[in-house]
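This report concerns only the one structure given below.
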Amino acid sequence: MSGSLSRRVLLAGVPAVGLAVALPGAASAAESAYAAFRVVRRRPGEPGRPEVVLPAGYEILPGEKYSVASRAEYYTFVQGPHTAAGIEVTVRWPDERVEAVVHQDTRLELRRVPGDRHSVSFTLPMTQPSPDANQPTLQVWSHPDVSPGMNWRIEHNDPDRAAGPWTTVPWPAGPVRSVIHQLVAAHTILRDSGMVDVAAAKGHRFVLMGIETNNTLHADNPPHWHISYNSGADFSAPTHNPHFWLDPSGRNFYNGMDVTGLGRLKYYVGDPAPLYDFVGEANGGRGDLVVTFTLRQDGGIDIVSPQGRTYAIAAGRGGDLVEEVTALRDGEPWLRVSTDDRVRQGVLVVRVEGLRDRADSSVRVYRYDRLTGVGLP
């Protein structure tokens with residue numbers, strides 16, 4: 001600890017904004033590891049920046065997107081020599097109570113600094129090969145289903161954590177709420193149709209992802225979500241990656257689908273958007289048909305399997321997709337899906353009402369760490 005305190009003296013007079021100081025012996029980019037951490041305030045308030053003190057040889061990664069303040073938090077990135085054992089970092093934030101410090105999906109153990117009630121220290125692992133590898137630190141994610149053929153992620157968005165472009169536009173309350181209903185419905189449809197099993201048999205996977213509002217490395221604006229298909233185990237494989245843009249009522253109005261080797265293909269309401277598996281030479285080398293998405297007039301999405309099984313995510317009883325969505329099967333109402341994500345308590349309630357068979361009805365309560373997303377299901 002004495003080393004950290006003496007270094008603070010050396011840095012006297014430097015603005016306390018996440019001290020991006022060039023130090024003797026700082027590692028070159030070629031030998032650097034990277035680590036991000038989020039400092040969580042006990043109570044949200046005006047965005048602010050604490051003082052961050054690092055050992056010699058380590059520095060704050062320069063650039064505005066790497067040092068970010070929100071009402072609830074402050075996060076920053078460190079670069080320097082790789083060490084799995086970690087480095088000691090001290091955060092000093094006068095008049096603010098630090099509730100937690102998060103790295104990746106872990107709350108780091110905090111140590112109070114003797115004689116300084118404004119400071120905490122912690123051990124930060126320096127192991128990640130790039131800044132992007134630290135994205136799990138920034139956003140609160142849960143993974144309800146990671147299994148053969150499926151990778152499903154739910155983003156838990158809090159307006160007090162808004163960062164980047166989300167601080168310059170009205171909070172997207174409708175899309176943030178709607179997207180979780182739609183993710184639940186999409187997951188249920190892909191499972192019921194058997195398309196997940198077919199993908200798993202090929203060593204492929206569907207990927208379901210929502211909106212991020214706290215991640216300046218991936219500025220998800222305007223709000224959109226994904227039902228992607230990886231023709232392999234991850235995004236390094238050939239991929240069809242739809243971007244479903246949402247209006248304030250949670251309606252999908254545009255699909256910008258990125259396809260490996262073809263760039264972005266643009267689809268609007270009524271335009272069928274086929275996804276292929278990149279296996280074989282059919283369909284111009286894109287392989288066999290996996291699924292077809294078509295945006296609906298009501299803002300939902302028609303989902304048709306290669307065998308002709310038809311499903312849809314459709315508007316709810318209110319005519320939009322904010323309060324609920326309706327899942328259709330074979331053109332008939334099948335399920336009513338609504339969700340309530342209580343992000344400040346770490347509780348997600350999922351309600352499914354069977355519209356054909358009461359046996360399809362369920363209410364599930366998922367609990368997760370509100371700062372990391374860990375714990376769901």
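Identifiers in the structure tokens: chain A, B, ... in order shown; residue index from 1 per chain; ligand index from 1 in order shown.
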So that I can see what lies close to Ala233 in chain A, please list as a list in words the residues with an atom at most 12 Å from it, counting only C-alpha atoms and leaving out residues fewer than 4 positions away in the same chain. Val146, Ser147, Pro148, Gly149, Met150, Asn151, Ala199, Ala200, Ala201, Lys202, Gly203, His204, Arg205, Phe206, Val207, Tyr229, Ala237, Pro238 and Thr239 of chain A
At a cut-off of 7 Å, using only C-alpha atoms, what residues contact His118 in chain A? Leave out same-chain residues fewer than 6 positions from it and give the result as a list in words.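 Answer for this query is Arg92, Trp93, Pro94 and Asp95 of chain A.
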Would you pick out the contacts of range 170-173 of chain A at 12 Å or less, using only C-alpha atoms, so that residues sharing its chain but fewer than 5 positions from it are not included, and give the list as a list in words?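 Counting only C-alpha atoms, the residues come to Asn157, Asp158, Pro159, Asp160, Arg161, Ala162, Ala163, Pro165, Ser178, Val179, Ile180, Ile211, Glu212, Thr213, Asn214, Asp220, Asn221, Pro222, Pro223, His224, Leu246, Asp247, Pro248, Ser249, Gly250, Leu321, Val322, Glu323 and Asp341 of chain A.
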May I ask which of the residues A:Ile60, A:Leu183, A:Val53, A:Leu289 is the closest one to Val120 in chain A, counting only C-alpha atoms?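 Going through A:Ile60, A:Leu183, A:Val53, A:Leu289 one by one, the smallest distance to Val120 in chain A is for A:Val53.
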Considering only C-alpha atoms, return as a VMD selection string whatever protein or nucleic-acid residues lie within 7 Å of range 129-143 of chain A, sequence-local ones (same chain, fewer than 2 positions apart) excluded. chain A and resid 33 to 38 102 to 105 127 145 to 146 152 to 156 212 214 to 215 217 371 to 374 376
Using N, CA, C and O atoms, can you export the residues from the last selection as an mmCIF file, in the first residue's frame?
data_model
loop_
_atom_site.group_PDB
_atom_site.id
_atom_site.type_symbol
_atom_site.label_atom_id
_atom_site.label_comp_id
_atom_site.auth_asym_id
_atom_site.auth_seq_id
_atom_site.Cartn_x
_atom_site.Cartn_y
_atom_site.Cartn_z
ATOM 1 N N ALA A 33 -1.362 -6.372 -21.863
ATOM 2 C CA ALA A 33 -2.654 -6.979 -21.579
ATOM 3 C C ALA A 33 -3.593 -5.840 -21.198
ATOM 4 O O ALA A 33 -3.161 -4.710 -20.937
ATOM 5 N N TYR A 34 -4.900 -6.154 -21.168
ATOM 6 C CA TYR A 34 -5.895 -5.112 -20.926
ATOM 7 C C TYR A 34 -6.900 -5.602 -19.889
ATOM 8 O O TYR A 34 -7.251 -6.777 -19.849
ATOM 9 N N ALA A 35 -7.374 -4.676 -19.080
ATOM 10 C CA ALA A 35 -8.402 -4.995 -18.095
ATOM 11 C C ALA A 35 -9.276 -3.770 -17.877
ATOM 12 O O ALA A 35 -8.770 -2.661 -17.699
ATOM 13 N N ALA A 36 -10.582 -3.980 -17.909
ATOM 14 C CA ALA A 36 -11.529 -2.921 -17.574
ATOM 15 C C ALA A 36 -12.107 -3.187 -16.196
ATOM 16 O O ALA A 36 -12.184 -4.335 -15.744
ATOM 17 N N PHE A 37 -12.509 -2.113 -15.516
ATOM 18 C CA PHE A 37 -13.241 -2.280 -14.267
ATOM 19 C C PHE A 37 -14.294 -1.182 -14.153
ATOM 20 O O PHE A 37 -14.127 -0.083 -14.656
ATOM 21 N N ARG A 38 -15.411 -1.533 -13.495
ATOM 22 C CA ARG A 38 -16.510 -0.603 -13.240
ATOM 23 C C ARG A 38 -16.580 -0.298 -11.758
ATOM 24 O O ARG A 38 -16.646 -1.205 -10.930
ATOM 25 N N VAL A 102 -16.442 -4.012 -10.369
ATOM 26 C CA VAL A 102 -16.725 -5.190 -11.185
ATOM 27 C C VAL A 102 -15.679 -5.326 -12.273
ATOM 28 O O VAL A 102 -15.337 -4.347 -12.949
ATOM 29 N N HIS A 103 -15.175 -6.551 -12.455
ATOM 30 C CA HIS A 103 -14.305 -6.896 -13.589
ATOM 31 C C HIS A 103 -14.843 -8.160 -14.227
ATOM 32 O O HIS A 103 -15.057 -9.179 -13.538
ATOM 33 N N GLN A 104 -15.098 -8.097 -15.555
ATOM 34 C CA GLN A 104 -15.783 -9.175 -16.268
ATOM 35 C C GLN A 104 -17.110 -9.467 -15.573
ATOM 36 O O GLN A 104 -17.927 -8.561 -15.455
ATOM 37 N N ASP A 105 -17.354 -10.675 -15.069
ATOM 38 C CA ASP A 105 -18.621 -10.925 -14.388
ATOM 39 C C ASP A 105 -18.418 -11.162 -12.893
ATOM 40 O O ASP A 105 -19.185 -11.885 -12.254
ATOM 41 N N THR A 127 -5.152 -9.844 -17.854
ATOM 42 C CA THR A 127 -5.051 -11.073 -18.654
ATOM 43 C C THR A 127 -5.664 -10.982 -20.045
ATOM 44 O O THR A 127 -5.406 -11.853 -20.867
ATOM 45 N N ASP A 145 -29.673 -19.511 -21.783
ATOM 46 C CA ASP A 145 -29.528 -20.786 -22.495
ATOM 47 C C ASP A 145 -28.276 -20.732 -23.359
ATOM 48 O O ASP A 145 -28.255 -20.085 -24.404
ATOM 49 N N VAL A 146 -27.235 -21.395 -22.887
ATOM 50 C CA VAL A 146 -26.025 -21.599 -23.686
ATOM 51 C C VAL A 146 -25.852 -23.106 -23.783
ATOM 52 O O VAL A 146 -25.411 -23.763 -22.837
ATOM 53 N N TRP A 152 -28.037 -17.640 -25.950
ATOM 54 C CA TRP A 152 -29.033 -16.606 -25.681
ATOM 55 C C TRP A 152 -28.527 -15.708 -24.566
ATOM 56 O O TRP A 152 -28.163 -16.181 -23.486
ATOM 57 N N ARG A 153 -28.533 -14.415 -24.860
ATOM 58 C CA ARG A 153 -28.062 -13.417 -23.897
ATOM 59 C C ARG A 153 -29.156 -12.383 -23.668
ATOM 60 O O ARG A 153 -29.785 -11.924 -24.615
ATOM 61 N N ILE A 154 -29.379 -12.027 -22.397
ATOM 62 C CA ILE A 154 -30.291 -10.942 -22.044
ATOM 63 C C ILE A 154 -29.471 -9.803 -21.451
ATOM 64 O O ILE A 154 -28.683 -10.014 -20.518
ATOM 65 N N GLU A 155 -29.654 -8.603 -21.993
ATOM 66 C CA GLU A 155 -29.007 -7.413 -21.473
ATOM 67 C C GLU A 155 -29.946 -6.723 -20.480
ATOM 68 O O GLU A 155 -31.129 -6.527 -20.777
ATOM 69 N N HIS A 156 -29.427 -6.371 -19.314
ATOM 70 C CA HIS A 156 -30.220 -5.708 -18.280
ATOM 71 C C HIS A 156 -29.835 -4.228 -18.280
ATOM 72 O O HIS A 156 -28.727 -3.864 -17.882
ATOM 73 N N GLU A 212 -27.787 -2.978 -25.899
ATOM 74 C CA GLU A 212 -26.816 -2.524 -24.901
ATOM 75 C C GLU A 212 -26.865 -1.002 -24.815
ATOM 76 O O GLU A 212 -26.829 -0.323 -25.838
ATOM 77 N N ASN A 214 -24.868 0.630 -22.259
ATOM 78 C CA ASN A 214 -23.803 1.007 -21.339
ATOM 79 C C ASN A 214 -22.422 0.731 -21.909
ATOM 80 O O ASN A 214 -21.427 0.866 -21.204
ATOM 81 N N ASN A 215 -22.338 0.341 -23.176
ATOM 82 C CA ASN A 215 -21.104 -0.209 -23.715
ATOM 83 C C ASN A 215 -20.581 0.701 -24.822
ATOM 84 O O ASN A 215 -21.062 0.651 -25.953
ATOM 85 N N LEU A 217 -17.859 0.459 -26.353
ATOM 86 C CA LEU A 217 -17.144 -0.302 -27.378
ATOM 87 C C LEU A 217 -18.104 -0.842 -28.435
ATOM 88 O O LEU A 217 -17.681 -1.280 -29.503
ATOM 89 N N LEU A 371 -25.475 -6.309 -10.660
ATOM 90 C CA LEU A 371 -24.299 -5.622 -11.178
ATOM 91 C C LEU A 371 -23.493 -6.451 -12.166
ATOM 92 O O LEU A 371 -22.632 -5.921 -12.865
ATOM 93 N N THR A 372 -23.751 -7.765 -12.229
ATOM 94 C CA THR A 372 -22.981 -8.632 -13.136
ATOM 95 C C THR A 372 -23.852 -9.466 -14.060
ATOM 96 O O THR A 372 -23.379 -9.936 -15.102
ATOM 97 N N GLY A 373 -25.116 -9.699 -13.693
ATOM 98 C CA GLY A 373 -25.989 -10.580 -14.460
ATOM 99 C C GLY A 373 -25.866 -12.035 -14.108
ATOM 100 O O GLY A 373 -26.652 -12.857 -14.565
ATOM 101 N N VAL A 374 -24.887 -12.399 -13.292
ATOM 102 C CA VAL A 374 -24.659 -13.799 -12.944
ATOM 103 C C VAL A 374 -25.816 -14.310 -12.081
ATOM 104 O O VAL A 374 -26.316 -13.614 -11.207
ATOM 105 N N LEU A 376 -28.690 -16.101 -13.470
ATOM 106 C CA LEU A 376 -29.868 -16.464 -14.253
ATOM 107 C C LEU A 376 -29.442 -17.503 -15.297
ATOM 108 O O LEU A 376 -28.451 -17.239 -16.002
#
Among range 47-224 of chain A, which residues carry a DSSP assignment of alpha helix (DSSP H), reported as a count of residues only? 33
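Between CA of Gly164 in chain A and CA of Thr216 in chain A the separation is 5.4 Å.
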So which residues touch Thr326 in chain A within 12 Å, counting only C-alpha atoms, skipping near sequence neighbours fewer than 4 positions away, as a PyMOL selection string? chain A and resi 178+181-182+184-186+188-189+298-302+311-322+331-338+351-355
Report as a list in words: the residues of range 149-242 of chain A with a DSSP assignment of strand (DSSP E or B), based on the backbone of this structure. Met150, Asn151, Trp152, Arg153, Ile154, Glu155, Arg205, Phe206, Val207, Leu208, Met209, His224, Trp225, His226, Ile227, Ser228, Tyr229, Asn230, Thr239, His240 and Asn241 of chain A
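Atom pair CA of Tyr268 in chain A / CA of Pro175 in chain A: separated by 18.1 Å.
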Quick one, how far is CA of Val89 in chain A from CA of Leu124 in chain A?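 Distance reported for this atom pair: 6.8 Å.
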Please list as number ranges by chain every residue within 7 Å of range 85-88 of chain A, counting only C-alpha atoms and excluding residues in the same chain fewer than 4 positions away. A: 54-55, 121-126
Go ahead and write the selection's residues with C-alpha atoms as a PDB file, in the first residue's frame.
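The file below, part-v9.pdb, is the result:
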ATOM      1  CA  LEU A  54      -1.925   2.314 -10.710  1.00  0.00           C
ATOM      2  CA  PRO A  55       1.465   0.692 -10.099  1.00  0.00           C
ATOM      3  CA  SER A 121      -8.075  -0.809  -3.290  1.00  0.00           C
ATOM      4  CA  PHE A 122      -8.484  -4.099  -5.136  1.00  0.00           C
ATOM      5  CA  THR A 123      -6.554  -6.630  -7.209  1.00  0.00           C
ATOM      6  CA  LEU A 124      -7.196  -6.358 -10.947  1.00  0.00           C
ATOM      7  CA  PRO A 125      -6.242  -9.354 -13.154  1.00  0.00           C
ATOM      8  CA  MET A 126      -4.318  -8.238 -16.243  1.00  0.00           C
TER       9      MET A 126
END
So, counting only C-alpha atoms, which residue among A:Val291, A:Val52, A:Pro44, A:Arg367 is closest to Tyr75 in chain A? A:Val52
When distances are computed from only C-alpha atoms, which of A:Arg370, A:Ala100, A:Arg42, A:His218 shows the smallest separation from Tyr66 in chain A? A:His218
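Minimum atom-to-atom distances from A:Gly194, A:Pro81, A:Gly210, A:Pro274 to Arg177 in chain A were compared using only C-alpha atoms, and the lowest value belongs to A:Gly210.
Counting only C-alpha atoms and comparing A:Met209, A:Val279, A:Leu295, A:Ala359, the residue that lies closest to Lys266 in chain A is A:Leu295.
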